[in-house]
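Student: Next up, query_28.tsv (TSV, C-alpha atoms).
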chain	number	residue	atom	x	y	z
A	1	MET	CA	36.25	43.86	97.74
A	2	ALA	CA	36.63	45.18	101.31
A	3	ILE	CA	40.03	46.09	102.73
A	4	SER	CA	41.22	43.59	105.32
A	5	ALA	CA	41.66	44.63	108.94
A	6	ALA	CA	45.20	45.64	109.88
A	7	LEU	CA	47.47	43.02	111.40
A	8	SER	CA	49.22	43.63	114.71
A	9	ASN	CA	52.88	44.72	114.72
A	10	GLU	CA	53.83	41.24	115.95
A	11	GLU	CA	51.94	39.58	113.07
A	12	VAL	CA	53.52	41.89	110.50
A	13	GLN	CA	56.99	41.33	111.98
A	14	ALA	CA	56.50	37.53	111.91
A	15	ALA	CA	55.33	37.73	108.28
A	16	TRP	CA	58.40	39.83	107.35
A	17	VAL	CA	60.71	37.30	109.04
A	18	ASN	CA	59.04	34.42	107.16
A	19	LEU	CA	59.29	36.21	103.81
A	20	ALA	CA	62.99	36.98	104.38
A	21	LYS	CA	63.68	33.33	105.30
A	22	GLU	CA	61.74	31.86	102.37
A	23	VAL	CA	63.01	34.18	99.63
A	24	ARG	CA	66.79	34.09	99.44
A	25	THR	CA	67.30	36.46	96.52
A	26	GLY	CA	66.00	39.87	95.58
A	27	VAL	CA	66.31	42.48	92.90
A	28	LEU	CA	68.98	45.06	93.67
A	29	LEU	CA	68.03	48.40	92.14
A	30	THR	CA	70.88	50.77	91.30
A	31	LEU	CA	71.03	53.85	89.11
A	32	ARG	CA	72.52	53.59	85.62
A	33	LYS	CA	72.66	56.86	83.73
A	34	GLY	CA	69.97	58.18	86.09
A	35	ARG	CA	67.57	55.28	85.48
A	36	PRO	CA	66.72	52.22	87.58
A	37	PHE	CA	68.77	49.11	86.83
A	38	GLY	CA	67.78	45.76	88.35
A	39	SER	CA	70.10	42.87	89.21
A	40	HIS	CA	69.22	39.58	90.85
A	41	VAL	CA	71.28	39.14	94.06
A	42	PRO	CA	71.41	36.86	97.10
A	43	TYR	CA	71.18	38.77	100.39
A	44	VAL	CA	71.11	38.40	104.16
A	45	PHE	CA	69.46	40.77	106.61
A	46	SER	CA	70.70	41.92	109.98
A	47	GLU	CA	68.36	41.55	112.94
A	48	HIS	CA	65.73	43.61	111.13
A	49	TRP	CA	65.19	45.00	107.68
A	50	THR	CA	67.32	48.18	108.06
A	51	ARG	CA	70.54	46.40	107.10
A	52	ALA	CA	70.96	43.94	104.25
A	53	TYR	CA	74.22	42.53	102.96
A	54	ILE	CA	75.19	41.44	99.47
A	55	HIS	CA	78.40	39.88	98.17
A	56	VAL	CA	79.04	41.06	94.61
A	57	SER	CA	81.81	41.29	92.05
A	58	ARG	CA	83.49	44.56	91.14
A	59	LEU	CA	83.17	43.38	87.53
A	60	ALA	CA	79.35	43.54	87.67
A	61	LEU	CA	77.53	46.59	86.33
A	62	HIS	CA	75.55	47.02	89.55
A	63	THR	CA	78.82	47.39	91.51
A	64	GLU	CA	79.99	50.11	89.11
A	65	HIS	CA	76.67	51.85	89.72
A	66	LEU	CA	77.04	51.61	93.52
A	67	LEU	CA	80.51	53.11	93.33
A	68	ARG	CA	79.13	56.10	91.39
A	69	ASP	CA	75.90	56.58	93.33
A	70	PRO	CA	75.17	54.72	96.58
A	71	ARG	CA	71.38	55.15	96.39
A	72	VAL	CA	69.86	51.72	96.22
A	73	GLY	CA	66.67	49.70	96.43
A	74	LEU	CA	66.08	46.05	97.23
A	75	PHE	CA	62.91	44.30	96.09
A	76	VAL	CA	62.04	40.90	97.58
A	77	SER	CA	58.98	38.94	96.43
A	78	GLU	CA	57.59	35.49	96.85
A	79	PRO	CA	57.47	33.70	93.49
A	80	ASP	CA	54.31	33.71	91.43
A	81	GLN	CA	52.64	30.35	90.83
A	82	PRO	CA	49.56	29.22	88.91
A	83	GLY	CA	46.46	29.72	91.01
A	84	LYS	CA	47.92	32.62	92.99
A	85	ASN	CA	46.73	36.17	92.60
A	86	PRO	CA	49.90	37.96	91.42
A	87	LEU	CA	48.63	41.21	92.96
A	88	ALA	CA	48.44	39.54	96.39
A	89	LEU	CA	51.98	38.10	96.45
A	90	ARG	CA	53.97	38.91	99.58
A	91	ARG	CA	56.68	41.40	98.70
A	92	MET	CA	58.89	44.08	100.16
A	93	ASN	CA	60.37	47.20	98.62
A	94	LEU	CA	63.27	48.80	100.51
A	95	GLN	CA	65.24	51.99	99.83
A	96	GLY	CA	68.48	53.38	101.21
A	97	GLU	CA	72.19	53.70	100.50
A	98	ALA	CA	74.98	51.17	100.00
A	99	ALA	CA	78.42	51.16	101.60
A	100	LEU	CA	81.36	48.88	100.91
A	101	LEU	CA	82.49	46.84	103.95
A	102	LEU	CA	86.26	47.31	103.69
A	103	ASN	CA	87.66	45.82	106.89
A	104	ALA	CA	87.78	42.10	106.11
A	105	GLY	CA	89.56	41.51	109.43
A	106	GLY	CA	86.94	43.30	111.54
A	107	SER	CA	84.42	41.54	113.75
A	108	ASP	CA	81.43	43.07	111.91
A	109	TYR	CA	82.76	41.79	108.61
A	110	ALA	CA	83.42	38.31	110.05
A	111	GLU	CA	79.92	38.12	111.53
A	112	VAL	CA	78.27	39.15	108.24
A	113	LYS	CA	80.45	36.74	106.26
A	114	GLU	CA	79.54	33.89	108.63
A	115	ARG	CA	75.81	34.67	108.32
A	116	TYR	CA	76.12	34.97	104.53
A	117	LEU	CA	77.93	31.64	104.21
A	118	ALA	CA	75.41	29.92	106.50
A	119	ARG	CA	72.69	30.92	104.03
A	120	PHE	CA	74.78	30.49	100.86
A	121	PRO	CA	77.54	27.92	101.53
A	122	GLN	CA	78.22	27.59	97.79
A	123	SER	CA	79.54	31.18	97.89
A	124	ALA	CA	82.58	30.29	100.03
A	125	ILE	CA	84.92	30.14	97.03
A	126	MET	CA	83.93	33.68	95.99
A	127	PHE	CA	85.19	35.11	99.28
A	128	GLY	CA	88.65	34.19	97.98
A	129	PHE	CA	88.22	36.15	94.73
A	130	ALA	CA	89.81	39.62	94.85
A	131	ASP	CA	87.00	41.25	92.85
A	132	PHE	CA	84.21	40.19	95.28
A	133	ALA	CA	83.25	42.35	98.24
A	134	LEU	CA	80.56	42.60	100.89
A	135	TRP	CA	78.29	45.62	100.70
A	136	GLU	CA	76.01	46.87	103.44
A	137	LEU	CA	72.67	48.24	102.32
A	138	ARG	CA	71.68	50.88	104.89
A	139	LEU	CA	67.96	50.89	104.36
A	140	GLN	CA	65.77	53.77	105.47
A	141	ASP	CA	62.27	52.87	104.28
A	142	ALA	CA	60.29	49.66	103.95
A	143	TYR	CA	57.08	48.99	102.07
A	144	LEU	CA	55.70	45.52	102.82
A	145	ILE	CA	52.74	43.89	101.09
A	146	LEU	CA	51.32	40.78	102.76
A	147	GLY	CA	48.28	40.33	100.52
A	148	PHE	CA	45.36	42.30	99.17
A	149	GLY	CA	44.67	45.26	101.47
A	150	GLN	CA	47.66	44.39	103.65
A	151	ALA	CA	50.25	47.08	102.91
A	152	TYR	CA	52.58	48.31	105.65
A	153	LEU	CA	55.15	51.07	105.90
A	154	ALA	CA	58.11	51.35	108.27
A	155	ASP	CA	61.17	53.56	108.55
A	156	ALA	CA	64.60	53.06	110.05
A	157	THR	CA	63.95	55.25	113.09
A	158	THR	CA	61.38	52.70	114.36
A	159	PRO	CA	62.04	49.55	112.30
A	160	LEU	CA	59.71	47.30	114.27
A	161	THR	CA	56.72	49.63	113.99
A	162	TRP	CA	54.63	48.84	110.93
A	163	THR	CA	51.92	51.30	109.86
A	164	HIS	CA	48.98	49.87	107.94
A	165	GLN	CA	48.70	51.82	104.72
A	166	LYS	CA	45.10	52.87	104.29
A	167	PRO	CA	43.85	54.27	100.97
A	168	GLU	CA	43.88	57.87	102.29
A	169	GLN	CA	47.64	57.51	103.06
A	170	LYS	CA	48.67	56.69	99.49
A	171	GLY	CA	51.21	58.82	97.72
A	172	SER	CA	53.78	59.16	100.52
Would you mind writing the structure in this file as structure tokens?
Tutor:
Amino acid sequence: MAISAALSNEEVQAAWVNLAKEVRTGVLLTLRKGRPFGSHVPYVFSEHWTRAYIHVSRLALHTEHLLRDPRVGLFVSEPDQPGKNPLALRRMNLQGEAALLLNAGGSDYAEVKERYLARFPQSAIMFGFADFALWELRLQDAYLILGFGQAYLADATTPLTWTHQKPEQKGS
């Protein structure tokens, strides 16, 4: 099977936006005893993929992990369905570090909370629970798959520039 031609930056960006709108939850990857630990979490992105926000309980294991080691991953994938090629599902793998958003009275916090509640209105009650907090995922690298032969890389220094991953570029 031949590798598909690369999409333009605009096409890749539009596909990323659509994936982020359609898929409201992802797998948060933290480190537990030095090994990856996955948790299913709702998220919202900032204007591009370099910042994601989660609202999680201090009682959850993944929050304990974040407090010990802020290195984090977020994996977002369209759901598999009969008739789809599971290897061609649109998906995104992001890596970076997490930071607790402490200033609940600040404008940044209020803006993120508003965006989060617009996407997840059923979460409003949890903003009143003392053990829940907003975390900012400061993402450095993105790996986006849009189908077979359609793999793209980006980094936080140029978040809107997507590089088509060709077979000779593997292993980075």
Student: Report the closest atom pair, with its distance in Å rounded to one decimal, for each residue of region 54-171 of chain A that has an atom no farther than 9 Å from region 29-50 of chain A; count all atoms listed in the file, sort by chain and then rising residue number, and write it as JSON lines.
Tutor:
{"residue": "A:Ile54", "atom": "CA", "partner": "A:Tyr43", "partner_atom": "CA", "distance": 4.9}
{"residue": "A:His55", "atom": "CA", "partner": "A:Tyr43", "partner_atom": "CA", "distance": 7.6}
{"residue": "A:Val56", "atom": "CA", "partner": "A:Val41", "partner_atom": "CA", "distance": 8.0}
{"residue": "A:Leu61", "atom": "CA", "partner": "A:Arg32", "partner_atom": "CA", "distance": 8.6}
{"residue": "A:His62", "atom": "CA", "partner": "A:Thr30", "partner_atom": "CA", "distance": 6.2}
{"residue": "A:Thr63", "atom": "CA", "partner": "A:Thr30", "partner_atom": "CA", "distance": 8.6}
{"residue": "A:Glu64", "atom": "CA", "partner": "A:Arg32", "partner_atom": "CA", "distance": 8.9}
{"residue": "A:His65", "atom": "CA", "partner": "A:Leu31", "partner_atom": "CA", "distance": 6.0}
{"residue": "A:Leu66", "atom": "CA", "partner": "A:Thr30", "partner_atom": "CA", "distance": 6.6}
{"residue": "A:Arg68", "atom": "CA", "partner": "A:Leu31", "partner_atom": "CA", "distance": 8.7}
{"residue": "A:Asp69", "atom": "CA", "partner": "A:Leu31", "partner_atom": "CA", "distance": 7.0}
{"residue": "A:Pro70", "atom": "CA", "partner": "A:Thr30", "partner_atom": "CA", "distance": 7.9}
{"residue": "A:Arg71", "atom": "CA", "partner": "A:Thr30", "partner_atom": "CA", "distance": 6.7}
{"residue": "A:Val72", "atom": "CA", "partner": "A:Thr30", "partner_atom": "CA", "distance": 5.1}
{"residue": "A:Gly73", "atom": "CA", "partner": "A:Leu29", "partner_atom": "CA", "distance": 4.7}
{"residue": "A:Leu74", "atom": "CA", "partner": "A:Leu29", "partner_atom": "CA", "distance": 5.9}
{"residue": "A:Phe75", "atom": "CA", "partner": "A:Leu29", "partner_atom": "CA", "distance": 7.7}
{"residue": "A:Leu94", "atom": "CA", "partner": "A:Trp49", "partner_atom": "CA", "distance": 8.3}
{"residue": "A:Gln95", "atom": "CA", "partner": "A:Leu29", "partner_atom": "CA", "distance": 8.9}
{"residue": "A:Gly96", "atom": "CA", "partner": "A:Thr50", "partner_atom": "CA", "distance": 8.7}
{"residue": "A:Val112", "atom": "CA", "partner": "A:Ser46", "partner_atom": "CA", "distance": 8.2}
{"residue": "A:Arg115", "atom": "CA", "partner": "A:Val44", "partner_atom": "CA", "distance": 7.3}
{"residue": "A:Tyr116", "atom": "CA", "partner": "A:Val44", "partner_atom": "CA", "distance": 6.1}
{"residue": "A:Arg119", "atom": "CA", "partner": "A:Val44", "partner_atom": "CA", "distance": 7.6}
{"residue": "A:Phe120", "atom": "CA", "partner": "A:Pro42", "partner_atom": "CA", "distance": 8.1}
{"residue": "A:Leu137", "atom": "CA", "partner": "A:Thr50", "partner_atom": "CA", "distance": 7.8}
{"residue": "A:Arg138", "atom": "CA", "partner": "A:Thr50", "partner_atom": "CA", "distance": 6.0}
{"residue": "A:Leu139", "atom": "CA", "partner": "A:Thr50", "partner_atom": "CA", "distance": 4.6}
{"residue": "A:Gln140", "atom": "CA", "partner": "A:Thr50", "partner_atom": "CA", "distance": 6.4}
{"residue": "A:Asp141", "atom": "CA", "partner": "A:Thr50", "partner_atom": "CA", "distance": 7.9}
{"residue": "A:Ala142", "atom": "CA", "partner": "A:Trp49", "partner_atom": "CA", "distance": 7.7}
{"residue": "A:Asp155", "atom": "CA", "partner": "A:Thr50", "partner_atom": "CA", "distance": 8.2}
{"residue": "A:Ala156", "atom": "CA", "partner": "A:Thr50", "partner_atom": "CA", "distance": 5.9}
{"residue": "A:Pro159", "atom": "CA", "partner": "A:Thr50", "partner_atom": "CA", "distance": 6.9}
{"residue": "A:Leu160", "atom": "CA", "partner": "A:His48", "partner_atom": "CA", "distance": 7.7}
Student: Mind listing whatever residues come within 6 Å of the point (52.6, 51.7, 109.6)? Use only C-alpha atoms, file coordinates, and give them as number ranges by chain.
Tutor: A: 152-154, 162-164
Student: What does the distance from CA of Arg90 (chain A) to CA of Val17 (chain A) come to in Å, to one decimal?
Tutor: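 Rounded to one decimal, the two atoms are 11.7 Å apart.
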Student: Just the number, please: distance in Å from CA of Ala52 (chain A) to CA of Glu97 (chain A), one decimal.
Tutor: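 CA of Ala52 (chain A) sits 10.5 Å away from CA of Glu97 (chain A).
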Student: I need the residue nearest Asn18 (chain A) from this list: A:Ala110, A:Leu134, A:Val76, A:Leu59. Use all atoms listed in the file for the distance.
Tutor: A:Val76
Student: Rounded to one decimal place, report the CA of Phe148 (chain A)-CA of Ala5 (chain A) distance in Å.
Tutor: 10.7 Å
Student: Counting only C-alpha atoms, figure out which residue out of A:Met92, A:Ala60, A:Leu19, A:Leu67 gets nearest to Ile145 (chain A).
Tutor: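 Looking at the shortest contact to Ile145 (chain A), the residue is A:Met92.
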Student: For Lys21 (chain A), which residue out of A:Asn9, A:Ser77, A:Ser57, A:Ser107 is the nearest one, using only C-alpha atoms?
Tutor: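 Ranking A:Asn9, A:Ser77, A:Ser57, A:Ser107 by distance to Lys21 (chain A), first place goes to A:Ser77.
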Student: Calculated over all atoms listed in the file, which of the candidates A:Ala98, A:Ala133, A:Ala124, A:Ala15 has the smallest distance to Leu28 (chain A)?
Tutor: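 Among the listed residues, the smallest separation from Leu28 (chain A) belongs to A:Ala98.
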Student: Considering all atoms listed in the file, can you say which of A:Asn85, A:Thr25, A:Asn93, A:Gln13 comes closest to Tyr143 (chain A)?
Tutor: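 Ranked by minimum distance to Tyr143 (chain A), first place goes to A:Asn93.
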Student: With distances taken over all atoms listed in the file, which residue among A:Gln81, A:Thr157, A:Tyr53, A:Ala99 lies nearest Glu114 (chain A)?
Tutor: A:Tyr53
